[in-house]
There are 2 protein chains.
Amino acid sequence: MSAETSAAGATEDVVDLVRAAIQHGDFVPNQRLVEADLSLQFGASRAAVRTALVQLAAEGLVERVQNRGARVRAVSLDEAIEICEVRMVVEGLCAAKAAERGAEDDLALLREIADDMRRAVDAGDVFTYSELNRRLHAAVRAASGQHVADGVLERLRGQNVRHQFRLALLPGRASVSLPQHLEIVEAICARDAPRAEAAMRAHLASVIETLPQVGSSPAR
Amino acid sequence: MSAETSAAGATEDVVDLVRAAIQHGDFVPNQRLVEADLSLQFGASRAAVRTALVQLAAEGLVERVQNRGARVRAVSLDEAIEICEVRMVVEGLCAAKAAERGAEDDLALLREIADDMRRAVDAGDVFTYSELNRRLHAAVRAASGQHVADGVLERLRGQNVRHQFRLALLPGRASVSLPQHLEIVEAICARDAPRAEAAMRAHLASVIETLPQVGSSPAR
DNA sequence: GGCGCAAGGATTGTTGACAATATTGTGGGA
DNA sequence: TCCCACAATATTGTCAACAATCCTTGCGCC
C-alpha cells in the first residue's frame with residue numbers, strides 16, 4: 001500500500017523515493033536509515049530497501065558500514081568546495097563542447113533561459129532564478145552532448161543540492177551571478193569554445209569563493 | 001570452500017572478485033553475468049552476487065535490465081574518448097592542485113617515478129612503462145589532495161582499463177608520452193600550477209588523438 | 001514454406017525466516 | 001561513585017524457497 005509510483009520493479013521505486021527524500025531534505029545529514037523503518041514507511045519489502053541503500057551508497061548519497069547500517073552522508077564544507085572545483089572544470093568542458101557542437105535548438109534554449117533570468121532578477125524572484133539556474137546548467141550539459149561528463153555532474157549535483165540551495169538564497173547573489181550566466185550563454189552562442197570554458201570556470205570560481213559564507217551546516 | 005579473501009562480509013568480497021575479473025579481462029564486454037553461475041563460481045550465495053551486481057552497475061561496470069539480467073558493460077570508442085576528455089580536465093585540476101599544495105614527499109615520489117620511466121623506455125620495457133604510467137597518474141591524484149576528483153577518476157579508470165591497456169601496447173607510444181610525462185612532473189615540482197594543468201591536458205589530448213588507432217573492439 | 005501461438009525451460013525478482021553482530025541497559029564489586 | 005562483565009535488545013547479514021517474467025522451441029495452421 002501507500003504511494004506506489006509507476007510500474008517498474010519495486011526496488012527501483014524505493015531508490016527514487018529515498019533519493020528524493022534525501023535531496024528534498026526530509027532526511028537530514030547523518031540521519032540513520034534503518035531498513036525496517038524505511039520498509040514500513042515506503043510499503044516495500046526490506047530486501048528492496050536494502051538494495052536501494054546499496055545503490056544510493058554507490059551514488060555517494062548514503063554511507064553504509066558493515067553491520068552498523070546506513071545513514072545519510074553529510075558533505076562537509078571542504079568537500080562541497082572540492083565538488084565545485086570538479087564541477088568547474090567538467091562544466092567548463094561542457095561549455096566548450098556546447099560552443100563547438102551544440103545544435104541550434106539547444107542554443108536557442110540557452111538564450112531563452114537567459115532572458116527569463118534577466119526578468120526574474122528584475123522581479124526580485126529568487127526562487128524562480130534558482131530554478132532557472134538549475135535549468136541553465138542542465139541545458140549547457142545537454143547541448144554539449146558529453147554524456148560521460150553529464151553523468152559525472154549529475155552524481156555530484158546530487159551530493160551537493162543542499163549547499164547549492166542555501167547558496168541561491170544568499171541576498172545579492174543573483175546580481176553577482178546573472179552577468180556571469182549571461183556571459184556563458186553569449187560565449188556559447190558565439191561558438192567561441194575557449195571563451196565559453198573560461199566564462200563557465202569564472203562563474204564556478206565565484207561560486208567557490210561565496211560558498212564559505214553559507215556555513216557548513218546546511219538547513220538544519 | 002573456494003577462495004575466501006578476507007574477513008569482510010561475503011558480499012563485499014564478491015564485488016571485488018567480479019570487478020577484478022572484469023578489469024582483468026576474464027569477463028569480456030557484453031558477456032552475460034548469470035547470478036546462479038557466479039554464485040557457483042565464487043562460492044557465494046545468490047543474494048551476495050545479486051547485491052554485488054547492483055553495486056557494480058552503479059559503478060558503471062555492468063549493465064542491468066529489468067528481468068533480463070546483467071552483462072559486462074561495453075564502452076564504445078566514442079565513450080572512451082568522452083571518458084578521456086573528462087579525465088583531461090579533472091586530472092588537469094589535480095595537477096594544478098598538486099603543484100599548489102602537494103607535499104614535498106609526494107613531489108619526491110613523482111620525480112622518482114619519472115626517473116624509472118626514463119629507464120624503462122631506454123630498456124624498451126613496455127610493460128613496466130605501462131605500470132609506471134598508472135602509478136604516475138595515481139601519484140598526481142594523491143599529491144593533489146582532491147578526494148572528490150580522485151573518486152571520479154577512479155570510477156572512470158575502472159570503465160576504461162581495457163582501452164588504456166591496448167593503448168600502452170601501441171608501438172612507439174612510450175617515446176611520445178615520455179616527454180609529456182616528464183613535463184608534467186617538472187611543472188608540478190616547479191610549483192607552477194597553470195603550467196602543470198596545461199601539461200596534463202596536453203598529455204591527455206595526445207591520448208585522445210591516439211585512441212582511435214587502437215580500434216573500438218578491445219581484446220576480443 | 002512462413003507465421004502465429006502455446007508449452008517448457010531458464011533466469012530474475014520477492015518474500016519470510018534465521019543467524020550474526022553491534023548497541024544498550026543492568027547489576028555487582030572495588 | 002565508578003568501572004567492568006554480562007545479559008537483553010535492536011539491527012543488519014545470509015539463506016533457501018517461491019513467484020513472476022522472459023526467451024526458446026516445437027507445433028499447427030494458413
# chains A, B, ... in the order shown; residues from 1 in each chain; ligands from 1

call {"tool": "interface_residues", "arguments": {"of": "chain D", "to": "chain B", "cutoff": "9 Å", "atoms": "only C-alpha atoms (C1' of nucleotides)", "output": "VMD selection string"}}
result
chain D and resid 13 to 15 21 to 22

call {"tool": "closest_atom_pairs", "arguments": {"of": "chain A", "to": "chain B", "cutoff": "7 Å", "atoms": "only C-alpha atoms", "output": "CSV"}}
result
residue,atom,partner,partner_atom,distance
A:Thr51,CA,B:Thr51,CA,6.7
A:Val54,CA,B:Gln55,CA,6.4
A:Gln55,CA,B:Gln55,CA,5.8
A:Ala58,CA,B:Ala58,CA,5.9
A:Glu59,CA,B:Ala58,CA,6.9
A:Glu82,CA,B:Val148,CA,6.1
A:Ile83,CA,B:Val148,CA,6.2
A:Val86,CA,B:Ala149,CA,6.2
A:Val89,CA,B:Val89,CA,5.7
A:Val90,CA,B:Val89,CA,6.4
A:Gln146,CA,B:Glu82,CA,6.6
A:Val148,CA,B:Glu82,CA,6.1
A:Ala149,CA,B:Val86,CA,6.2

call {"tool": "write_last_selection", "arguments": {"atoms": "N, CA and C atoms", "output": "CSV table (one decimal), in the first residue's frame"}}
result
chain,number,residue,atom,x,y,z
A,51,THR,N,18.5,-3.2,-1.2
A,51,THR,CA,19.1,-2.9,-2.5
A,51,THR,C,19.2,-1.5,-2.8
A,54,VAL,N,22.1,0.1,-1.0
A,54,VAL,CA,23.4,-0.3,-1.7
A,54,VAL,C,23.7,0.7,-2.8
A,55,GLN,N,22.6,0.8,-3.7
A,55,GLN,CA,22.8,1.7,-4.9
A,55,GLN,C,23.0,3.1,-4.5
A,58,ALA,N,26.5,3.7,-3.5
A,58,ALA,CA,27.4,3.8,-4.6
A,58,ALA,C,27.3,5.2,-5.3
A,59,GLU,N,26.1,5.8,-5.2
A,59,GLU,CA,25.9,7.1,-5.7
A,59,GLU,C,26.5,8.2,-4.8
A,82,GLU,N,35.4,21.1,-2.9
A,82,GLU,CA,36.0,20.1,-3.8
A,82,GLU,C,35.1,19.8,-4.9
A,83,ILE,N,33.8,19.5,-4.6
A,83,ILE,CA,32.8,19.2,-5.6
A,83,ILE,C,32.7,20.3,-6.6
A,86,VAL,N,35.6,20.4,-9.0
A,86,VAL,CA,35.5,19.4,-10.1
A,86,VAL,C,34.4,19.9,-11.1
A,89,VAL,N,35.8,22.4,-13.7
A,89,VAL,CA,36.5,22.0,-14.8
A,89,VAL,C,35.6,21.2,-15.8
A,90,VAL,N,34.7,20.4,-15.2
A,90,VAL,CA,33.9,19.5,-16.1
A,90,VAL,C,32.8,20.3,-16.8
A,146,GLN,N,28.0,15.6,-24.2
A,146,GLN,CA,29.0,14.8,-23.5
A,146,GLN,C,28.4,14.0,-22.4
A,148,VAL,N,29.2,11.3,-20.7
A,148,VAL,CA,30.0,11.0,-19.5
A,148,VAL,C,30.1,12.1,-18.6
A,149,ALA,N,30.4,13.3,-19.1
A,149,ALA,CA,30.5,14.5,-18.2
A,149,ALA,C,29.2,14.7,-17.6

call {"tool": "select_by_dssp", "arguments": {"residues": "chain B", "states": "strand (DSSP E or B)", "output": "ChimeraX atom specification"}}
result
/B:32-33,62-65,69-72

call {"tool": "write_last_selection", "arguments": {"atoms": "C-alpha atoms", "output": "PDB file, in the first residue's frame"}}
result
ATOM      1  CA  ARG B  32      26.167 -12.276 -19.583  1.00  0.00           C
ATOM      2  CA  LEU B  33      26.578 -12.465 -15.830  1.00  0.00           C
ATOM      3  CA  VAL B  62      27.921  -3.786 -15.586  1.00  0.00           C
ATOM      4  CA  GLU B  63      24.547  -3.148 -17.186  1.00  0.00           C
ATOM      5  CA  ARG B  64      21.347  -4.428 -15.639  1.00  0.00           C
ATOM      6  CA  VAL B  65      17.954  -4.525 -17.259  1.00  0.00           C
ATOM      7  CA  GLY B  69      19.856  -9.935 -16.021  1.00  0.00           C
ATOM      8  CA  ALA B  70      23.247  -8.309 -16.018  1.00  0.00           C
ATOM      9  CA  ARG B  71      26.075  -8.197 -18.515  1.00  0.00           C
ATOM     10  CA  VAL B  72      29.514  -6.622 -18.668  1.00  0.00           C
TER      11      VAL B  72
END

call {"tool": "atom_distance", "arguments": {"atom1": "atom CA of Arg195 of chain B", "atom2": "atom CA of Ala96 of chain B"}}
result
7.9 Å

call {"tool": "closest_atom_pairs", "arguments": {"of": "chain C", "to": "chain B", "cutoff": "8 Å", "atoms": "only C-alpha atoms (C1' of nucleotides)", "output": "JSON lines"}}
result
{"residue": "C:DT11", "atom": "C1'", "partner": "B:Gly69", "partner_atom": "CA", "distance": 7.6}
{"residue": "C:DT12", "atom": "C1'", "partner": "B:Asn67", "partner_atom": "CA", "distance": 5.2}
{"residue": "C:DG13", "atom": "C1'", "partner": "B:Asn67", "partner_atom": "CA", "distance": 7.4}

call {"tool": "write_last_selection", "arguments": {"atoms": "C-alpha atoms (C1' of nucleotides)", "output": "short mmCIF file (atom, residue, chain, number, x, y, z; two decimals), in the first residue's frame"}}
result
data_model
loop_
_atom_site.label_atom_id
_atom_site.label_comp_id
_atom_site.auth_asym_id
_atom_site.auth_seq_id
_atom_site.Cartn_x
_atom_site.Cartn_y
_atom_site.Cartn_z
"C1'" DT C 11 16.63 -16.70 -15.07
"C1'" DT C 12 15.47 -12.98 -12.32
"C1'" DG C 13 12.52 -10.69 -8.56
#

call {"tool": "residues_around", "arguments": {"residues": "DC4 of chain D", "least_positions_apart": "3", "cutoff": "12 Å", "atoms": "only C-alpha atoms (C1' of nucleotides)", "output": "list in words"}}
result
DT26, DG27, DG28, DG29 and DA30 of chain C

call {"tool": "select_by_dssp", "arguments": {"residues": "chain B", "states": "helix (DSSP H, G or I)", "output": "JSON, numbers by chain"}}
result
{"B": [10, 11, 12, 13, 14, 15, 16, 17, 18, 19, 20, 21, 22, 23, 24, 35, 36, 37, 38, 39, 40, 41, 42, 46, 47, 48, 49, 50, 51, 52, 53, 54, 55, 56, 57, 58, 59, 77, 78, 79, 80, 81, 82, 83, 84, 85, 86, 87, 88, 89, 90, 91, 92, 93, 94, 95, 96, 97, 98, 99, 100, 101, 104, 105, 106, 107, 108, 109, 110, 111, 112, 113, 114, 115, 116, 117, 118, 119, 120, 121, 122, 126, 127, 128, 129, 130, 131, 132, 133, 134, 135, 136, 137, 138, 139, 140, 141, 142, 143, 144, 147, 148, 149, 150, 151, 152, 153, 154, 155, 156, 157, 158, 159, 160, 161, 162, 163, 164, 165, 166, 167, 168, 173, 174, 175, 176, 177, 178, 179, 180, 181, 182, 183, 184, 185, 186, 187, 188, 189, 193, 194, 195, 196, 197, 198, 199, 200, 201, 202, 203, 204, 205, 206, 207, 208, 209, 210, 211, 212, 213, 214]}

call {"tool": "residues_around", "arguments": {"residues": "segment 116-129 of chain B", "least_positions_apart": "2", "cutoff": "12 Å", "atoms": "only C-alpha atoms (C1' of nucleotides)", "output": "ChimeraX atom specification"}}
result
/B:109-114,131-136,165-182,185

call {"tool": "atom_distance", "arguments": {"atom1": "atom CA of Gly151 of chain B", "atom2": "atom CA of Ala20 of chain B"}}
result
17.6 Å

call {"tool": "decode", "arguments": {"residues": "segment 2-24 of chain D", "atoms": "N, CA and C atoms (P, O5', C5', C4', C3', O3' and C1' of nucleotides)", "output": "short mmCIF file (atom, residue, chain, number, x, y, z; two decimals), in the first residue's frame"}}
result
data_model
loop_
_atom_site.label_atom_id
_atom_site.label_comp_id
_atom_site.auth_asym_id
_atom_site.auth_seq_id
_atom_site.Cartn_x
_atom_site.Cartn_y
_atom_site.Cartn_z
P DC D 2 31.04 9.23 39.48
"O5'" DC D 2 32.02 8.07 38.97
"C5'" DC D 2 33.31 7.93 39.57
"C4'" DC D 2 33.88 6.57 39.21
"C3'" DC D 2 33.74 6.19 37.72
"O3'" DC D 2 35.01 5.76 37.24
"C1'" DC D 2 32.90 4.45 39.10
P DC D 3 35.29 5.62 35.70
"O5'" DC D 3 35.49 4.05 35.51
"C5'" DC D 3 36.28 3.33 36.46
"C4'" DC D 3 36.02 1.85 36.33
"C3'" DC D 3 35.86 1.35 34.89
"O3'" DC D 3 36.69 0.23 34.70
"C1'" DC D 3 34.05 0.61 36.20
P DC D 4 37.13 -0.26 33.23
"O5'" DC D 4 36.67 -1.78 33.22
"C5'" DC D 4 36.91 -2.60 34.37
"C4'" DC D 4 35.87 -3.71 34.44
"C3'" DC D 4 35.59 -4.41 33.10
"O3'" DC D 4 35.71 -5.80 33.25
"C1'" DC D 4 33.57 -3.77 34.13
P DA D 5 35.89 -6.74 31.97
"O5'" DA D 5 34.77 -7.85 32.19
"C5'" DA D 5 34.69 -8.53 33.45
"C4'" DA D 5 33.27 -9.02 33.68
"C3'" DA D 5 32.71 -9.93 32.58
"O3'" DA D 5 32.06 -11.04 33.18
"C1'" DA D 5 31.26 -8.08 32.92
P DC D 6 31.60 -12.28 32.31
"O5'" DC D 6 30.03 -12.05 32.12
"C5'" DC D 6 29.25 -11.61 33.23
"C4'" DC D 6 27.85 -11.27 32.77
"C3'" DC D 6 27.37 -12.07 31.55
"O3'" DC D 6 26.05 -12.51 31.77
"C1'" DC D 6 27.08 -9.78 31.15
P DA D 7 25.49 -13.79 30.98
"O5'" DA D 7 24.00 -13.34 30.67
"C5'" DA D 7 23.16 -12.88 31.74
"C4'" DA D 7 22.28 -11.74 31.26
"C3'" DA D 7 21.28 -12.09 30.15
"O3'" DA D 7 20.01 -11.57 30.49
"C1'" DA D 7 22.55 -10.20 29.52
P DA D 8 18.71 -12.14 29.82
"O5'" DA D 8 18.19 -10.89 28.99
"C5'" DA D 8 17.99 -9.65 29.67
"C4'" DA D 8 17.69 -8.54 28.66
"C3'" DA D 8 16.73 -8.95 27.53
"O3'" DA D 8 15.78 -7.90 27.34
"C1'" DA D 8 18.74 -8.11 26.60
P DT D 9 14.57 -8.11 26.31
"O5'" DT D 9 14.90 -7.09 25.14
"C5'" DT D 9 15.39 -5.78 25.47
"C4'" DT D 9 16.03 -5.13 24.26
"C3'" DT D 9 15.22 -5.26 22.96
"O3'" DT D 9 14.97 -3.95 22.47
"C1'" DT D 9 17.51 -5.74 22.59
P DA D 10 13.90 -3.73 21.31
"O5'" DA D 10 14.82 -3.06 20.18
"C5'" DA D 10 15.90 -2.22 20.58
"C4'" DA D 10 16.89 -2.09 19.44
"C3'" DA D 10 16.25 -2.02 18.05
"O3'" DA D 10 16.91 -1.01 17.30
"C1'" DA D 10 17.84 -3.77 18.12
P DT D 11 16.30 -0.47 15.94
"O5'" DT D 11 17.25 -1.16 14.86
"C5'" DT D 11 18.67 -0.95 14.96
"C4'" DT D 11 19.39 -1.92 14.06
"C3'" DT D 11 18.78 -2.10 12.67
"O3'" DT D 11 19.65 -1.50 11.72
"C1'" DT D 11 19.54 -4.15 13.59
P DT D 12 19.33 -1.61 10.12
"O5'" DT D 12 20.44 -2.65 9.64
"C5'" DT D 12 21.80 -2.45 10.02
"C4'" DT D 12 22.57 -3.75 9.87
"C3'" DT D 12 22.69 -4.27 8.44
"O3'" DT D 12 24.05 -4.59 8.17
"C1'" DT D 12 21.89 -5.97 9.85
P DG D 13 24.47 -5.03 6.67
"O5'" DG D 13 24.53 -6.63 6.75
"C5'" DG D 13 25.61 -7.23 7.44
"C4'" DG D 13 25.56 -8.75 7.30
"C3'" DG D 13 25.55 -9.26 5.85
"O3'" DG D 13 26.43 -10.38 5.76
"C1'" DG D 13 23.66 -10.09 7.01
P DT D 14 26.67 -11.06 4.31
"O5'" DT D 14 25.71 -12.33 4.39
"C5'" DT D 14 25.82 -13.22 5.50
"C4'" DT D 14 24.80 -14.34 5.38
"C3'" DT D 14 24.68 -14.95 3.98
"O3'" DT D 14 25.03 -16.32 4.08
"C1'" DT D 14 22.53 -14.51 4.93
P DC D 15 25.28 -17.17 2.73
"O5'" DC D 15 23.93 -18.01 2.66
"C5'" DC D 15 23.46 -18.65 3.86
"C4'" DC D 15 22.00 -19.03 3.70
"C3'" DC D 15 21.66 -19.69 2.36
"O3'" DC D 15 21.42 -21.08 2.58
"C1'" DC D 15 19.99 -18.11 3.09
P DA D 16 21.56 -22.08 1.38
"O5'" DA D 16 20.04 -22.50 1.19
"C5'" DA D 16 19.26 -22.82 2.33
"C4'" DA D 16 17.79 -22.69 2.01
"C3'" DA D 16 17.36 -23.37 0.69
"O3'" DA D 16 16.16 -24.09 0.92
"C1'" DA D 16 16.67 -21.12 0.70
P DA D 17 15.62 -25.11 -0.16
"O5'" DA D 17 14.18 -24.50 -0.47
"C5'" DA D 17 13.32 -24.19 0.61
"C4'" DA D 17 12.27 -23.19 0.17
"C3'" DA D 17 11.45 -23.61 -1.06
"O3'" DA D 17 10.07 -23.44 -0.78
"C1'" DA D 17 12.30 -21.42 -1.33
P DC D 18 8.99 -24.07 -1.77
"O5'" DC D 18 8.32 -22.79 -2.45
"C5'" DC D 18 7.72 -21.79 -1.62
"C4'" DC D 18 7.49 -20.52 -2.42
"C3'" DC D 18 6.69 -20.72 -3.72
"O3'" DC D 18 5.59 -19.82 -3.72
"C1'" DC D 18 8.63 -19.40 -4.11
P DA D 19 4.44 -20.02 -4.84
"O5'" DA D 19 4.51 -18.66 -5.65
"C5'" DA D 19 4.67 -17.43 -4.94
"C4'" DA D 19 5.02 -16.31 -5.91
"C3'" DA D 19 4.24 -16.32 -7.22
"O3'" DA D 19 3.82 -15.00 -7.52
"C1'" DA D 19 6.56 -16.37 -7.68
P DA D 20 2.88 -14.71 -8.81
"O5'" DA D 20 3.92 -13.98 -9.78
"C5'" DA D 20 4.72 -12.93 -9.26
"C4'" DA D 20 5.67 -12.42 -10.34
"C3'" DA D 20 5.04 -12.27 -11.72
"O3'" DA D 20 5.47 -11.03 -12.28
"C1'" DA D 20 6.94 -13.67 -11.86
P DT D 21 4.83 -10.51 -13.67
"O5'" DT D 21 6.00 -10.68 -14.72
"C5'" DT D 21 7.31 -10.20 -14.39
"C4'" DT D 21 8.33 -10.81 -15.33
"C3'" DT D 21 7.91 -10.79 -16.81
"O3'" DT D 21 8.71 -9.83 -17.47
"C1'" DT D 21 8.95 -12.85 -16.17
P DC D 22 8.48 -9.51 -19.03
"O5'" DC D 22 9.63 -10.34 -19.74
"C5'" DC D 22 10.96 -10.27 -19.23
"C4'" DC D 22 11.81 -11.37 -19.83
"C3'" DC D 22 11.74 -11.46 -21.35
"O3'" DC D 22 13.05 -11.52 -21.88
"C1'" DC D 22 11.32 -13.58 -20.39
P DC D 23 13.26 -11.30 -23.48
"O5'" DC D 23 13.71 -12.75 -23.97
"C5'" DC D 23 14.84 -13.36 -23.35
"C4'" DC D 23 14.89 -14.83 -23.76
"C3'" DC D 23 14.82 -15.08 -25.26
"O3'" DC D 23 15.91 -15.89 -25.65
"C1'" DC D 23 13.22 -16.41 -24.10
P DT D 24 16.08 -16.25 -27.24
"O5'" DT D 24 15.66 -17.78 -27.29
"C5'" DT D 24 16.12 -18.67 -26.27
"C4'" DT D 24 15.42 -20.02 -26.39
"C3'" DT D 24 15.37 -20.59 -27.81
"O3'" DT D 24 15.82 -21.93 -27.77
"C1'" DT D 24 13.20 -20.58 -26.85
#
